[in-house]
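> Can you read through this structure? Questions will come right after.
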Amino acid sequence: MTITPLQANGYTIHFGSSKYEELNQLLRDRGYSKLFILVDTHTNDFCAPLFLSELATEIPLELIEIEPGEEQKNIATCVELWQILTDLGADKKSLLLSLGGGVLSDIGGFVAVTFKRGIDFIAVPTTLLAMVDAAIGGKNGVDLGHLKNQIGLIAVPKMVLIEVNFLSSLPQNEMRSGLAEMIKHGLIFDKNYWLLFQDLSQLDSDYLEVLILRSIEIKNSIVLQDPTEKGLRKALNFGHTLGHAIESYFMSEPDKTSVLHGEAVAVGMVLASYLSAKKGLLDWESYQTIKSGITTIFDPIDFDENDVDGIEKLLIHDKKNEGGTVQFVLLTEIGKTTFNQSVEKEWIRAAFTDYKT
C-alpha cells in the first residue's frame with residue numbers, strides 16, 4: 001500500500017515503503033556525530049534486527065537497553081540514561097532514536113530534549129498504542145511515583161517512522177491496549193471510524209494498516225490545530241481522567257494485578273460515556289452502544305468499593321484539573337466532544353456501578 005507521508009507540526013510521519021530511505025537521507029543530511037538507539041529487552045530481541053537491517057549509515061552507533069514496563073518511566077531511569085549518554089560521549093550533535101512502545105517514546109523524547117538543553121530525537125514506535133498515540137503529537141515525559149505523566153513537556157521529534165511489521169511480535173493484550181486509543185479517536189472525532197470497530201473479525205494486516213493510518217490522521221489533525229492543548233486537543237483525553245486514575249491505582253496496590261494503559265482507558269471511556277449521558281449531553285442509546293461495543297472487545301475489570309474510593313482520590317492529580325475541580329472530556333454525540341466539564345461526585349460512583357452491570 002502506497003502511503004503519502006503525513007506532515008505534522010514541525011516533523012513528518014513516515015508510513016509508506018520509502019520510510020527507511022527517508023530516515024537514511026535524514027541521517028546523511030543532518031551530520032550527526034553519534035546515533036544512540038534506545039531499546040528495551042523485548043524490542044532489542046524482536047525489533048532491532050529488522051530495523052538495523054534497513055539502516056544505512058556510517059555514523060557511530062550505540063544501543064542502550066533498559067528493562068520494559070511502565071515502572072521504568074520515571075526520573076531515576078532518566079538519570080541513568082543521561083549518565084550513560086555522558087559516559088558514551090554524547091554531544092549536542094548526537095541523535096537519540098527510541099525503538100519501542102509508549103514508555104520508550106515518552107521517556108526517549110524527554111531524555112533527549114533535556115540532555116545538554118536538547119538533542120535531536122526520532123521515534124520509531126513498535127506497539128500499536130505507540131503508533132497511534134504515544135509517538136504522535138510531541139508529548140514527552142515520565143510518571144511521578146504512580147501518578148501518570150506528571151513530569152514532561154511538548155517537543156517534536158525530527159521524524160516518526162511507522163513499521164507495522166513490528167506488531168507481529170506483540171501479545172494480544174498489548175494489541176487490544178492500542179485498540180482502545182483507536183476506538184477513542186472514532187468516539188471523539190469520526191463516527192464512521194468508530195463503526196469499523198463493531199466487527200473485528202475481518203481484522204487482517206491490510207485492514208489493520210488502514211485503521212492505523214486513519215487513527216494517526218485523526219490525532220495529527222487535532223494536534224495541528226492545537227499543539228499545546230489549549231482547547232481542541234483536550235478531546236484526546238477522553239476516557240483518560242478516570243482511565244489514568246484506574247491505571248495508577250492498580251499500579252500502586254501491591255495486591256492488585258496491574259492493568260495496561262489501553263485496558264484502563266477502555267473502562268474510562270465507558271465511565272465517561274455514562275457521565276455524558278447522566279449530564280444530558282449524550283443520549284442513553286448511544287451510551288449503551290458505546291458500552292456494549294467496548295465491553296465486547298475488552299475483558300471486564302472488577303472493582304470493589306475500596307477500589308472506587310482509591311480511584312476517586314487519585315482524580316485530584318489529573319493534569320486537566322483547574323481550581324481544584326476535576327475536569328472531564330465528555331461526549332455530546334458519537335464523534336463530538338465537549339471539555340472542561342465537571343460532574344457530581346456521586347455520579348462517578350454510579351458510573352462504576354453501571355459499568356459492573
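Letters A, B, ... mark the chains of the C-alpha cells in the order given; residue numbers begin at 1 per chain; ligand numbers begin at 1, in order shown.
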Go through stretch 1-21 of chain A residue by residue and, counting only C-alpha atoms, keep those with an atom at most 10 Å from stretch 158-176 of chain A; for each kept residue give the shortest atom pair and its distance in Å to one decimal, ordered by chain and increasing number, as a Markdown table.

```
| residue | atom | partner | partner_atom | distance |
| --- | --- | --- | --- | --- |
| A:Pro5 | CA | A:Leu161 | CA | 9.7 |
| A:Leu6 | CA | A:Val160 | CA | 9.7 |
| A:Gln7 | CA | A:Met159 | CA | 9.7 |
| A:Ala8 | CA | A:Met159 | CA | 9.1 |
| A:Gly10 | CA | A:Lys158 | CA | 7.8 |
| A:Tyr11 | CA | A:Met159 | CA | 5.3 |
| A:Thr12 | CA | A:Met159 | CA | 5.1 |
| A:Ile13 | CA | A:Val160 | CA | 4.7 |
| A:His14 | CA | A:Leu161 | CA | 4.9 |
| A:Phe15 | CA | A:Ile162 | CA | 5.0 |
| A:Gly16 | CA | A:Ile162 | CA | 8.1 |
| A:Ser17 | CA | A:Glu163 | CA | 9.5 |
| A:Lys19 | CA | A:Leu161 | CA | 6.5 |
| A:Tyr20 | CA | A:Leu161 | CA | 8.0 |
```
> Give me a file of those residues, with C-alpha atoms, as a PDB file, in the first residue's frame.

```pdb
ATOM      1  CA  PRO A   5       3.937  10.830   4.472  1.00  0.00           C
ATOM      2  CA  LEU A   6       1.851  12.885   6.892  1.00  0.00           C
ATOM      3  CA  GLN A   7       3.023  16.391   7.691  1.00  0.00           C
ATOM      4  CA  ALA A   8       2.809  17.028  11.412  1.00  0.00           C
ATOM      5  CA  GLY A  10       7.313  20.538  12.569  1.00  0.00           C
ATOM      6  CA  TYR A  11       8.069  16.945  11.576  1.00  0.00           C
ATOM      7  CA  THR A  12       6.925  14.197   9.210  1.00  0.00           C
ATOM      8  CA  ILE A  13       5.279  10.852   9.973  1.00  0.00           C
ATOM      9  CA  HIS A  14       6.662   8.287   7.535  1.00  0.00           C
ATOM     10  CA  PHE A  15       4.433   5.269   6.963  1.00  0.00           C
ATOM     11  CA  GLY A  16       4.983   4.031   3.402  1.00  0.00           C
ATOM     12  CA  SER A  17       7.550   1.976   1.532  1.00  0.00           C
ATOM     13  CA  LYS A  19      10.243   5.335   5.192  1.00  0.00           C
ATOM     14  CA  TYR A  20      13.728   3.863   5.656  1.00  0.00           C
TER      15      TYR A  20
END
```
> Would you list the contacts of stretch 238-241 of chain A as number ranges by chain, taking every protein, DNA or RNA residue within 9 Å and counting only C-alpha atoms, but skipping same-chain residues closer than 2 positions in sequence?
A: 184, 187-188, 234-236, 243-246, 264-273, 315, 318-320, 326-331, 337, 339
> List as an MDAnalysis selection string the protein and nucleic acid residues near A:Ile218, meaning an atom at most 12 Å away when only C-alpha atoms are counted, but skip any in the same chain fewer than 3 places from it.
chainID A and resid 6 8 132:133 136:137 181:191 193:194 211:215 221:225 233 235:236 335
> For the selection you just gave me, I'd like the residues written to a file as a compact mmCIF listing (two decimals), in the first residue's frame, keeping N, CA, C and O atoms.

```txt
# COMPACT_ATOMS: atom_id res chain seq x y z
N LEU A 6 2.73 11.89 6.28
CA LEU A 6 1.85 12.88 6.89
C LEU A 6 2.68 14.01 7.47
O LEU A 6 3.64 13.77 8.23
N ALA A 8 3.24 16.70 10.06
CA ALA A 8 2.81 17.03 11.41
C ALA A 8 3.30 18.42 11.77
O ALA A 8 3.73 19.19 10.90
N VAL A 132 -0.29 4.80 17.27
CA VAL A 132 -1.47 5.64 17.07
C VAL A 132 -1.60 6.75 18.12
O VAL A 132 -2.45 7.63 17.98
N ASP A 133 -0.75 6.71 19.15
CA ASP A 133 -0.93 7.69 20.23
C ASP A 133 0.38 8.25 20.76
O ASP A 133 0.71 9.41 20.51
N ILE A 136 2.87 10.17 18.53
CA ILE A 136 2.29 11.22 17.69
C ILE A 136 1.89 12.41 18.58
O ILE A 136 1.18 12.24 19.56
N GLY A 137 2.37 13.59 18.24
CA GLY A 137 1.90 14.78 18.94
C GLY A 137 2.92 15.51 19.78
O GLY A 137 2.65 16.62 20.23
N GLU A 181 -7.10 3.27 22.14
CA GLU A 181 -6.85 4.63 21.66
C GLU A 181 -7.46 4.85 20.28
O GLU A 181 -7.93 5.94 19.96
N MET A 182 -7.48 3.81 19.45
CA MET A 182 -8.08 3.93 18.13
C MET A 182 -9.59 4.11 18.24
O MET A 182 -10.18 4.93 17.54
N ILE A 183 -10.21 3.32 19.14
CA ILE A 183 -11.64 3.48 19.39
C ILE A 183 -11.93 4.90 19.88
O ILE A 183 -12.91 5.52 19.47
N LYS A 184 -11.08 5.40 20.75
CA LYS A 184 -11.24 6.77 21.25
C LYS A 184 -11.27 7.77 20.10
O LYS A 184 -12.09 8.69 20.08
N HIS A 185 -10.39 7.61 19.13
CA HIS A 185 -10.34 8.54 18.01
C HIS A 185 -11.68 8.57 17.26
O HIS A 185 -12.13 9.63 16.81
N GLY A 186 -12.30 7.40 17.13
CA GLY A 186 -13.61 7.36 16.50
C GLY A 186 -14.67 8.05 17.33
O GLY A 186 -15.49 8.82 16.82
N LEU A 187 -14.66 7.79 18.64
CA LEU A 187 -15.69 8.36 19.53
C LEU A 187 -15.60 9.87 19.63
O LEU A 187 -16.63 10.54 19.79
N ILE A 188 -14.41 10.43 19.52
CA ILE A 188 -14.28 11.88 19.68
C ILE A 188 -14.31 12.64 18.37
O ILE A 188 -14.50 13.86 18.36
N PHE A 189 -14.12 11.93 17.24
CA PHE A 189 -13.86 12.68 16.00
C PHE A 189 -14.56 12.15 14.76
O PHE A 189 -14.88 12.91 13.86
N ASP A 190 -14.82 10.83 14.69
CA ASP A 190 -15.26 10.24 13.43
C ASP A 190 -16.15 9.03 13.71
O ASP A 190 -15.66 7.93 13.97
N LYS A 191 -17.46 9.25 13.67
CA LYS A 191 -18.41 8.17 13.98
C LYS A 191 -18.25 6.99 13.03
O LYS A 191 -18.34 5.83 13.45
N TYR A 193 -15.58 5.94 11.64
CA TYR A 193 -14.40 5.19 12.07
C TYR A 193 -14.73 4.31 13.28
O TYR A 193 -14.32 3.16 13.37
N TRP A 194 -15.49 4.86 14.23
CA TRP A 194 -15.93 4.08 15.39
C TRP A 194 -16.70 2.83 14.95
O TRP A 194 -16.51 1.75 15.49
N LEU A 211 -6.63 1.08 9.37
CA LEU A 211 -7.13 1.63 10.63
C LEU A 211 -6.06 2.45 11.34
O LEU A 211 -6.35 3.51 11.90
N ILE A 212 -4.84 1.94 11.34
CA ILE A 212 -3.73 2.66 11.98
C ILE A 212 -3.53 4.02 11.31
O ILE A 212 -3.39 5.05 11.98
N LEU A 213 -3.50 4.02 9.99
CA LEU A 213 -3.30 5.26 9.27
C LEU A 213 -4.41 6.27 9.60
O LEU A 213 -4.13 7.45 9.84
N ARG A 214 -5.66 5.82 9.64
CA ARG A 214 -6.76 6.74 9.94
C ARG A 214 -6.63 7.29 11.36
O ARG A 214 -6.88 8.49 11.60
N SER A 215 -6.22 6.44 12.32
CA SER A 215 -6.04 6.92 13.69
C SER A 215 -4.97 8.00 13.76
O SER A 215 -5.13 9.02 14.43
N SER A 221 -4.40 15.58 12.95
CA SER A 221 -5.27 16.70 12.59
C SER A 221 -5.62 17.54 13.81
O SER A 221 -5.59 18.78 13.77
N ILE A 222 -5.93 16.88 14.92
CA ILE A 222 -6.27 17.59 16.15
C ILE A 222 -5.07 18.35 16.69
O ILE A 222 -5.16 19.53 17.08
N VAL A 223 -3.90 17.70 16.70
CA VAL A 223 -2.69 18.33 17.24
C VAL A 223 -2.27 19.52 16.39
O VAL A 223 -1.81 20.54 16.92
N LEU A 224 -2.41 19.41 15.07
CA LEU A 224 -2.06 20.53 14.20
C LEU A 224 -2.87 21.78 14.53
O LEU A 224 -2.38 22.89 14.45
N GLN A 225 -4.13 21.57 14.91
CA GLN A 225 -4.99 22.71 15.24
C GLN A 225 -4.73 23.27 16.63
O GLN A 225 -5.03 24.44 16.90
N ARG A 233 -7.32 20.02 21.55
CA ARG A 233 -6.51 18.83 21.84
C ARG A 233 -6.94 18.15 23.13
O ARG A 233 -6.67 16.96 23.33
N ALA A 235 -9.66 17.09 23.76
CA ALA A 235 -10.57 16.00 23.40
C ALA A 235 -9.86 14.65 23.40
O ALA A 235 -10.47 13.61 23.66
N LEU A 236 -8.55 14.66 23.14
CA LEU A 236 -7.78 13.41 23.12
C LEU A 236 -7.68 12.77 24.50
O LEU A 236 -7.26 11.62 24.63
N GLY A 335 -18.61 10.95 18.04
CA GLY A 335 -17.85 11.74 17.08
C GLY A 335 -17.65 13.19 17.48
O GLY A 335 -16.93 13.92 16.80
```
> What gap, in Å, lies between atom CA of A:Asn149 and atom CA of A:Val113?
15.9 Å
> Find the residues around A:Ser248 up to 8 Å (only C-alpha atoms counted), leave out those fewer than 3 positions away in its own chain, and share them as a list of chain:residue names.
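The residues that qualify are A:His146, A:Leu147, A:Lys148, A:His244, A:Ala245, A:Met251, A:Ser252, A:Leu314.
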> Please provide as number ranges by chain all residues within 7 Å of A:Leu129, with the sequence filter that same-chain residues fewer than 6 positions apart are discarded (counting only C-alpha atoms).
A: 102, 177-178, 181
> Which of these residues is nearest to A:Leu200, using only C-alpha atoms: A:Leu260, A:Gln288, A:Thr296, A:Pro125?
A:Thr296
> Skipping near chain neighbours, those fewer than 3 positions away, what residues fall within 7 Å of A:Leu281 using only C-alpha atoms, listed as a ChimeraX atom specification?
/A:276-277,331-332
> Among stretch 137-319 of chain A, which residues does DSSP mark as strand (DSSP E) when it is run on the backbone? Keep the chain and numbering as in the structure and answer as a PyMOL selection string.
chain A and resi 139-144+147-154+159-161
> Restricting it to C-alpha atoms, dump the selection as an mmCIF file, in the first residue's frame.

```cif
data_model
loop_
_atom_site.group_PDB
_atom_site.id
_atom_site.type_symbol
_atom_site.label_atom_id
_atom_site.label_comp_id
_atom_site.auth_asym_id
_atom_site.auth_seq_id
_atom_site.Cartn_x
_atom_site.Cartn_y
_atom_site.Cartn_z
ATOM 1 C CA LYS A 139 4.225 14.824 24.317
ATOM 2 C CA ASN A 140 7.231 13.532 26.271
ATOM 3 C CA GLY A 141 7.599 12.784 29.956
ATOM 4 C CA VAL A 142 7.608 10.442 32.901
ATOM 5 C CA ASP A 143 5.443 9.407 35.819
ATOM 6 C CA LEU A 144 5.820 10.774 39.346
ATOM 7 C CA LEU A 147 0.875 9.295 39.058
ATOM 8 C CA LYS A 148 0.817 9.199 35.271
ATOM 9 C CA ASN A 149 2.716 11.707 33.114
ATOM 10 C CA GLN A 150 3.118 14.359 35.805
ATOM 11 C CA ILE A 151 6.568 15.490 34.588
ATOM 12 C CA GLY A 152 7.121 16.368 30.952
ATOM 13 C CA LEU A 153 6.988 18.790 28.069
ATOM 14 C CA ILE A 154 5.899 19.101 24.475
ATOM 15 C CA MET A 159 10.552 12.298 12.320
ATOM 16 C CA VAL A 160 8.315 9.394 13.276
ATOM 17 C CA LEU A 161 8.693 6.093 11.410
#
```
> Name the residues of stretch 137-343 of chain A that come out as alpha helix (DSSP H) in a backbone DSSP run; write them as a compact mmCIF listing (two decimals) with N, CA and C atoms, in the first residue's frame.

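Generated output (selection_4.txt):
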```
# COMPACT_ATOMS: atom_id res chain seq x y z
N GLN A 172 -1.50 -10.39 22.44
CA GLN A 172 -2.87 -9.95 22.15
C GLN A 172 -3.34 -8.85 23.10
N ASN A 173 -2.94 -8.93 24.37
CA ASN A 173 -3.40 -7.89 25.31
C ASN A 173 -2.79 -6.53 24.96
N GLU A 174 -1.56 -6.53 24.43
CA GLU A 174 -0.94 -5.28 24.01
C GLU A 174 -1.62 -4.73 22.75
N MET A 175 -2.03 -5.63 21.86
CA MET A 175 -2.76 -5.17 20.68
C MET A 175 -4.08 -4.53 21.09
N ARG A 176 -4.80 -5.17 22.02
CA ARG A 176 -6.07 -4.59 22.48
C ARG A 176 -5.84 -3.25 23.15
N SER A 177 -4.73 -3.12 23.86
CA SER A 177 -4.42 -1.86 24.52
C SER A 177 -4.34 -0.73 23.50
N GLY A 178 -3.74 -1.00 22.36
CA GLY A 178 -3.68 0.01 21.30
C GLY A 178 -5.03 0.28 20.68
N LEU A 179 -5.85 -0.76 20.57
CA LEU A 179 -7.19 -0.58 20.01
C LEU A 179 -8.01 0.43 20.80
N ALA A 180 -7.77 0.52 22.11
CA ALA A 180 -8.53 1.47 22.93
C ALA A 180 -8.34 2.90 22.45
N GLU A 181 -7.10 3.27 22.14
CA GLU A 181 -6.85 4.63 21.66
C GLU A 181 -7.46 4.85 20.28
N MET A 182 -7.48 3.81 19.45
CA MET A 182 -8.08 3.93 18.13
C MET A 182 -9.59 4.11 18.24
N ILE A 183 -10.21 3.32 19.14
CA ILE A 183 -11.64 3.48 19.39
C ILE A 183 -11.93 4.90 19.88
N LYS A 184 -11.08 5.40 20.75
CA LYS A 184 -11.24 6.77 21.25
C LYS A 184 -11.27 7.77 20.10
N HIS A 185 -10.39 7.61 19.13
CA HIS A 185 -10.34 8.54 18.01
C HIS A 185 -11.68 8.57 17.26
N GLY A 186 -12.30 7.40 17.13
CA GLY A 186 -13.61 7.36 16.50
C GLY A 186 -14.67 8.05 17.33
N LEU A 187 -14.66 7.79 18.64
CA LEU A 187 -15.69 8.36 19.53
C LEU A 187 -15.60 9.87 19.63
N ILE A 188 -14.41 10.43 19.52
CA ILE A 188 -14.28 11.88 19.68
C ILE A 188 -14.31 12.64 18.37
N PHE A 189 -14.12 11.93 17.24
CA PHE A 189 -13.86 12.68 16.00
C PHE A 189 -14.56 12.15 14.76
N LYS A 191 -17.46 9.25 13.67
CA LYS A 191 -18.41 8.17 13.98
C LYS A 191 -18.25 6.99 13.03
N ASN A 192 -18.01 7.25 11.76
CA ASN A 192 -17.84 6.16 10.80
C ASN A 192 -16.63 5.30 11.15
N TYR A 193 -15.58 5.94 11.64
CA TYR A 193 -14.40 5.19 12.07
C TYR A 193 -14.73 4.31 13.28
N TRP A 194 -15.49 4.86 14.23
CA TRP A 194 -15.93 4.08 15.39
C TRP A 194 -16.70 2.83 14.95
N LEU A 195 -17.54 2.98 13.94
CA LEU A 195 -18.36 1.86 13.49
C LEU A 195 -17.52 0.71 12.94
N SER A 205 -3.97 -7.97 8.31
CA SER A 205 -2.89 -6.99 8.37
C SER A 205 -3.16 -5.77 7.49
N ASP A 206 -3.78 -5.99 6.32
CA ASP A 206 -4.06 -4.85 5.44
C ASP A 206 -5.12 -3.93 6.05
N TYR A 207 -6.17 -4.54 6.61
CA TYR A 207 -7.23 -3.76 7.25
C TYR A 207 -6.68 -3.01 8.45
N LEU A 208 -5.83 -3.67 9.23
CA LEU A 208 -5.23 -3.01 10.39
C LEU A 208 -4.40 -1.82 9.97
N GLU A 209 -3.67 -1.96 8.87
CA GLU A 209 -2.84 -0.86 8.40
C GLU A 209 -3.69 0.36 8.04
N VAL A 210 -4.84 0.12 7.42
CA VAL A 210 -5.76 1.21 7.09
C VAL A 210 -6.28 1.88 8.36
N LEU A 211 -6.63 1.08 9.37
CA LEU A 211 -7.13 1.63 10.63
C LEU A 211 -6.06 2.45 11.34
N ILE A 212 -4.84 1.94 11.34
CA ILE A 212 -3.73 2.66 11.98
C ILE A 212 -3.53 4.02 11.31
N LEU A 213 -3.50 4.02 9.99
CA LEU A 213 -3.30 5.26 9.27
C LEU A 213 -4.41 6.27 9.60
N ARG A 214 -5.66 5.82 9.64
CA ARG A 214 -6.76 6.74 9.94
C ARG A 214 -6.63 7.29 11.36
N SER A 215 -6.22 6.44 12.32
CA SER A 215 -6.04 6.92 13.69
C SER A 215 -4.97 8.00 13.76
N ILE A 216 -3.87 7.76 13.06
CA ILE A 216 -2.78 8.74 13.05
C ILE A 216 -3.26 10.04 12.41
N GLU A 217 -4.03 9.93 11.34
CA GLU A 217 -4.57 11.13 10.67
C GLU A 217 -5.44 11.93 11.63
N ILE A 218 -6.29 11.23 12.39
CA ILE A 218 -7.18 11.93 13.32
C ILE A 218 -6.40 12.65 14.40
N LYS A 219 -5.48 11.93 15.04
CA LYS A 219 -4.72 12.58 16.11
C LYS A 219 -3.88 13.73 15.56
N ASN A 220 -3.23 13.50 14.42
CA ASN A 220 -2.39 14.54 13.85
C ASN A 220 -3.20 15.78 13.49
N SER A 221 -4.40 15.58 12.95
CA SER A 221 -5.27 16.70 12.59
C SER A 221 -5.62 17.54 13.81
N ILE A 222 -5.93 16.88 14.92
CA ILE A 222 -6.27 17.59 16.15
C ILE A 222 -5.07 18.35 16.69
N VAL A 223 -3.90 17.70 16.70
CA VAL A 223 -2.69 18.33 17.24
C VAL A 223 -2.27 19.52 16.39
N LEU A 224 -2.41 19.41 15.07
CA LEU A 224 -2.06 20.53 14.20
C LEU A 224 -2.87 21.78 14.53
N GLN A 225 -4.13 21.57 14.91
CA GLN A 225 -4.99 22.71 15.24
C GLN A 225 -4.73 23.27 16.63
N HIS A 240 -9.49 9.35 29.70
CA HIS A 240 -8.20 9.31 30.39
C HIS A 240 -8.25 9.85 31.81
N THR A 241 -9.22 10.68 32.14
CA THR A 241 -9.30 11.20 33.50
C THR A 241 -9.48 10.05 34.48
N LEU A 242 -10.50 9.25 34.27
CA LEU A 242 -10.69 8.07 35.11
C LEU A 242 -9.75 6.94 34.69
N GLY A 243 -9.42 6.85 33.41
CA GLY A 243 -8.52 5.80 32.95
C GLY A 243 -7.16 5.87 33.59
N HIS A 244 -6.57 7.07 33.65
CA HIS A 244 -5.27 7.24 34.30
C HIS A 244 -5.36 6.94 35.80
N ALA A 245 -6.46 7.36 36.42
CA ALA A 245 -6.63 7.08 37.85
C ALA A 245 -6.73 5.58 38.10
N ILE A 246 -7.44 4.87 37.24
CA ILE A 246 -7.52 3.41 37.35
C ILE A 246 -6.16 2.77 37.18
N GLU A 247 -5.45 3.21 36.15
CA GLU A 247 -4.11 2.65 35.89
C GLU A 247 -3.17 2.91 37.06
N SER A 248 -3.19 4.14 37.57
CA SER A 248 -2.31 4.48 38.71
C SER A 248 -2.68 3.69 39.95
N TYR A 249 -3.98 3.54 40.21
CA TYR A 249 -4.42 2.81 41.40
C TYR A 249 -3.94 1.36 41.35
N PHE A 250 -4.12 0.71 40.24
CA PHE A 250 -3.73 -0.69 40.14
C PHE A 250 -2.20 -0.86 40.16
N MET A 251 -1.47 0.17 39.75
CA MET A 251 -0.01 0.13 39.86
C MET A 251 0.44 0.27 41.30
N SER A 252 -0.31 1.04 42.08
CA SER A 252 0.12 1.39 43.44
C SER A 252 -0.28 0.36 44.49
N HIS A 261 -2.37 0.38 29.91
CA HIS A 261 -2.93 1.71 29.69
C HIS A 261 -4.24 1.64 28.90
N GLY A 262 -4.24 0.91 27.81
CA GLY A 262 -5.43 0.83 26.99
C GLY A 262 -6.59 0.15 27.68
N GLU A 263 -6.29 -0.85 28.51
CA GLU A 263 -7.34 -1.52 29.28
C GLU A 263 -8.01 -0.55 30.24
N ALA A 264 -7.20 0.28 30.90
CA ALA A 264 -7.75 1.28 31.83
C ALA A 264 -8.53 2.35 31.08
N VAL A 265 -8.02 2.79 29.94
CA VAL A 265 -8.70 3.82 29.16
C VAL A 265 -10.02 3.28 28.61
N ALA A 266 -10.06 2.00 28.25
CA ALA A 266 -11.32 1.40 27.77
C ALA A 266 -12.41 1.54 28.83
N VAL A 267 -12.06 1.22 30.09
CA VAL A 267 -13.02 1.41 31.18
C VAL A 267 -13.35 2.89 31.33
N GLY A 268 -12.31 3.73 31.27
CA GLY A 268 -12.51 5.17 31.41
C GLY A 268 -13.47 5.73 30.38
N MET A 269 -13.43 5.19 29.16
CA MET A 269 -14.33 5.67 28.11
C MET A 269 -15.78 5.26 28.38
N VAL A 270 -15.97 4.05 28.91
CA VAL A 270 -17.32 3.63 29.29
C VAL A 270 -17.85 4.54 30.40
N LEU A 271 -17.02 4.78 31.41
CA LEU A 271 -17.44 5.64 32.52
C LEU A 271 -17.73 7.06 32.06
N ALA A 272 -16.84 7.60 31.20
CA ALA A 272 -17.05 8.97 30.71
C ALA A 272 -18.30 9.06 29.84
N SER A 273 -18.60 8.00 29.10
CA SER A 273 -19.82 7.98 28.29
C SER A 273 -21.06 7.97 29.18
N TYR A 274 -20.99 7.21 30.27
CA TYR A 274 -22.09 7.22 31.25
C TYR A 274 -22.28 8.64 31.81
N LEU A 275 -21.18 9.28 32.20
CA LEU A 275 -21.27 10.64 32.75
C LEU A 275 -21.83 11.61 31.71
N SER A 276 -21.48 11.39 30.43
CA SER A 276 -22.01 12.24 29.36
C SER A 276 -23.53 12.11 29.29
N ALA A 277 -24.01 10.86 29.39
CA ALA A 277 -25.45 10.63 29.34
C ALA A 277 -26.13 11.15 30.60
N LYS A 278 -25.49 10.92 31.75
CA LYS A 278 -26.06 11.37 33.03
C LYS A 278 -26.22 12.88 33.05
N TRP A 284 -29.00 8.19 25.89
CA TRP A 284 -28.72 6.92 26.56
C TRP A 284 -28.51 5.78 25.59
N GLU A 285 -29.17 5.83 24.46
CA GLU A 285 -28.98 4.76 23.46
C GLU A 285 -27.53 4.74 22.97
N SER A 286 -26.98 5.92 22.71
CA SER A 286 -25.57 5.99 22.27
C SER A 286 -24.65 5.47 23.36
N TYR A 287 -24.95 5.83 24.62
CA TYR A 287 -24.14 5.30 25.72
C TYR A 287 -24.16 3.79 25.74
N GLN A 288 -25.32 3.18 25.63
CA GLN A 288 -25.42 1.73 25.66
C GLN A 288 -24.67 1.10 24.49
N THR A 289 -24.71 1.75 23.33
CA THR A 289 -23.97 1.26 22.17
C THR A 289 -22.47 1.28 22.44
N ILE A 290 -22.00 2.37 23.04
CA ILE A 290 -20.57 2.50 23.36
C ILE A 290 -20.16 1.45 24.39
N LYS A 291 -20.97 1.33 25.44
CA LYS A 291 -20.66 0.36 26.49
C LYS A 291 -20.60 -1.06 25.93
N SER A 292 -21.56 -1.42 25.12
CA SER A 292 -21.61 -2.75 24.54
C SER A 292 -20.42 -2.99 23.61
N GLY A 293 -20.10 -1.99 22.79
CA GLY A 293 -19.00 -2.14 21.84
C GLY A 293 -17.67 -2.32 22.52
N ILE A 294 -17.42 -1.54 23.58
CA ILE A 294 -16.13 -1.61 24.26
C ILE A 294 -16.01 -2.87 25.10
N THR A 295 -17.08 -3.22 25.82
CA THR A 295 -17.00 -4.40 26.69
C THR A 295 -16.99 -5.70 25.90
N THR A 296 -17.36 -5.65 24.64
CA THR A 296 -17.24 -6.83 23.78
C THR A 296 -15.78 -7.11 23.46
N ILE A 297 -14.98 -6.06 23.34
CA ILE A 297 -13.57 -6.20 22.97
C ILE A 297 -12.69 -6.42 24.20
N GLU A 305 -15.75 -1.59 46.44
CA GLU A 305 -15.97 -0.24 46.97
C GLU A 305 -14.65 0.44 47.36
N ASN A 306 -13.71 -0.32 47.92
CA ASN A 306 -12.42 0.26 48.28
C ASN A 306 -11.65 0.71 47.05
N ASP A 307 -11.76 -0.06 45.97
CA ASP A 307 -11.09 0.32 44.73
C ASP A 307 -11.63 1.66 44.22
N VAL A 308 -12.94 1.79 44.22
CA VAL A 308 -13.55 3.03 43.73
C VAL A 308 -13.13 4.21 44.61
N ASP A 309 -13.08 4.00 45.90
CA ASP A 309 -12.62 5.06 46.82
C ASP A 309 -11.20 5.50 46.45
N GLY A 310 -10.32 4.52 46.25
CA GLY A 310 -8.92 4.83 45.93
C GLY A 310 -8.78 5.53 44.59
N ILE A 311 -9.57 5.11 43.62
CA ILE A 311 -9.52 5.74 42.30
C ILE A 311 -10.02 7.17 42.36
N GLU A 312 -11.10 7.40 43.11
CA GLU A 312 -11.65 8.75 43.24
C GLU A 312 -10.62 9.70 43.85
N LYS A 313 -9.86 9.22 44.82
CA LYS A 313 -8.85 10.08 45.48
C LYS A 313 -7.75 10.50 44.51
N LEU A 314 -7.47 9.67 43.52
CA LEU A 314 -6.42 9.98 42.56
C LEU A 314 -6.85 11.00 41.51
```
> Give me the residues within 8 Å of stretch 28-45 of chain A as a VMD selection string, counting only C-alpha atoms and dropping any in the same chain fewer than 2 places off.
chain A and resid 24 to 26 47 to 49 57 59 to 68 90 to 91 93 to 100 104 108 126
